[in-house]
Amino acid sequence: MPDYYAPTGGHPPQTQLLTDRAVFTEAYAVIPKGTMRDIVTSFLPFWTLTRLWVLSRPLSGFAETFSQYIMEVQPGGGSQTPETDPEAQGVLFVVSGTMTLSIEGTNHEMAEGGYAYLPAGCDWQLENTGNEPVRFHWVRKAYEAVPGLDAPEPFVTNEKRVAPKVMPGTDGKWATTRFVEPEDLRHDMHVNIVTFEPGAVIPFAETHVMEHGLYVLEGKAVYRLNQDWVEVEAGDYMWLRAFCPQACYAGGPGRFRYLLYKDVNRHMKLR
């Protein structure tokens, strides 16, 4: 049974040491879970009883294609006008609590592990109809339409209903839960879940054009970012610009899992 980490805010005592793992470099950033306090929350127009932590945003010269939030909606809260940008597509992933998502007039009940893809221009609303706060990731990207390709449809599922795909040659120790097939060229972003069993590794320094947002859902590991090895754990966020080398060693004792964003399936912009 997955055990996703979700921030709850609060404020550290004056006695806490200032030393922390937060770092921002020209190639990557690490935003530890301890930085997600009340003082750094934001609010959005047309959302009630809601606050959010902004994990990443388009930043010139760094990662430019997406934003990622952790939303916290109290009982009775939500929005009838959640997305104000008609060109923005989105993915929602629930890490705690329950909520009702309405897409084109059809209601979907979502709980932990719930996943929704919302294409640009989609008519959707969201409400926390439960008795506890609901916390979910919201990944947004401007959709890059291609003449001759239909736009993708909205869909709602849960990671429990999606069989992970095992990486060849890893004896099942490295797997990816893919919510969209890589060959579906209508999609220009993927938001997947990557799972490493204890002892599993990414055995080379991946260096590629895709930008990444990696939110650690479970466990801990040592992650290679550019030339540095960094310890990360559940609740931490890693933000990688294009071509930042990365690798991973999952030392255990439990599984290491993260929610992964990457931009895919489009020509590189030349102007």
# chains A, B, ... in the order shown; residues from 1 in each chain; ligands from 1
>>> residues_around(residues="region 68-84 of chain A", least_positions_apart="6", cutoff="9 Å", atoms="only C-alpha atoms", output="JSON, numbers by chain")
{"A": [6, 7, 8, 44, 45, 46, 47, 48, 49, 50, 51, 52, 53, 54, 55, 56, 57, 90, 99, 121, 122, 123, 124, 125, 126, 127, 128, 129, 130, 131, 132, 133, 134, 135, 136, 137, 138, 139, 140, 213]}
>>> residues_around(residues="Pro203 (chain A)", least_positions_apart="6", cutoff="9 Å", atoms="only C-alpha atoms", output="PDB file with N, CA, C and O atoms, in the first residue's frame")
ATOM      1  N   ALA A 247      21.651  10.540 -11.704  1.00  0.00           N
ATOM      2  CA  ALA A 247      21.692   9.105 -11.437  1.00  0.00           C
ATOM      3  C   ALA A 247      21.138   8.898 -10.036  1.00  0.00           C
ATOM      4  O   ALA A 247      20.810   9.857  -9.335  1.00  0.00           O
ATOM      5  N   CYS A 248      21.024   7.634  -9.622  1.00  0.00           N
ATOM      6  CA  CYS A 248      20.354   7.362  -8.355  1.00  0.00           C
ATOM      7  C   CYS A 248      20.852   6.050  -7.768  1.00  0.00           C
ATOM      8  O   CYS A 248      21.114   5.090  -8.503  1.00  0.00           O
ATOM      9  N   TYR A 249      20.968   6.018  -6.445  1.00  0.00           N
ATOM     10  CA  TYR A 249      21.199   4.765  -5.714  1.00  0.00           C
ATOM     11  C   TYR A 249      20.192   4.714  -4.568  1.00  0.00           C
ATOM     12  O   TYR A 249      20.203   5.568  -3.683  1.00  0.00           O
TER      13      TYR A 249
END
>>> atom_distance(atom1="CA of Glu218 (chain A)", atom2="CA of Tyr5 (chain A)")
6.5 Å
>>> closest_residue(among="A:Ala234, A:Val264, A:Ala116, A:Val166", to="His208 (chain A)", atoms="only C-alpha atoms")
A:Val264
>>> closest_residue(among="A:Gly254, A:Gly61, A:Pro182, A:Gly34", to="Gly199 (chain A)", atoms="only C-alpha atoms")
A:Gly254
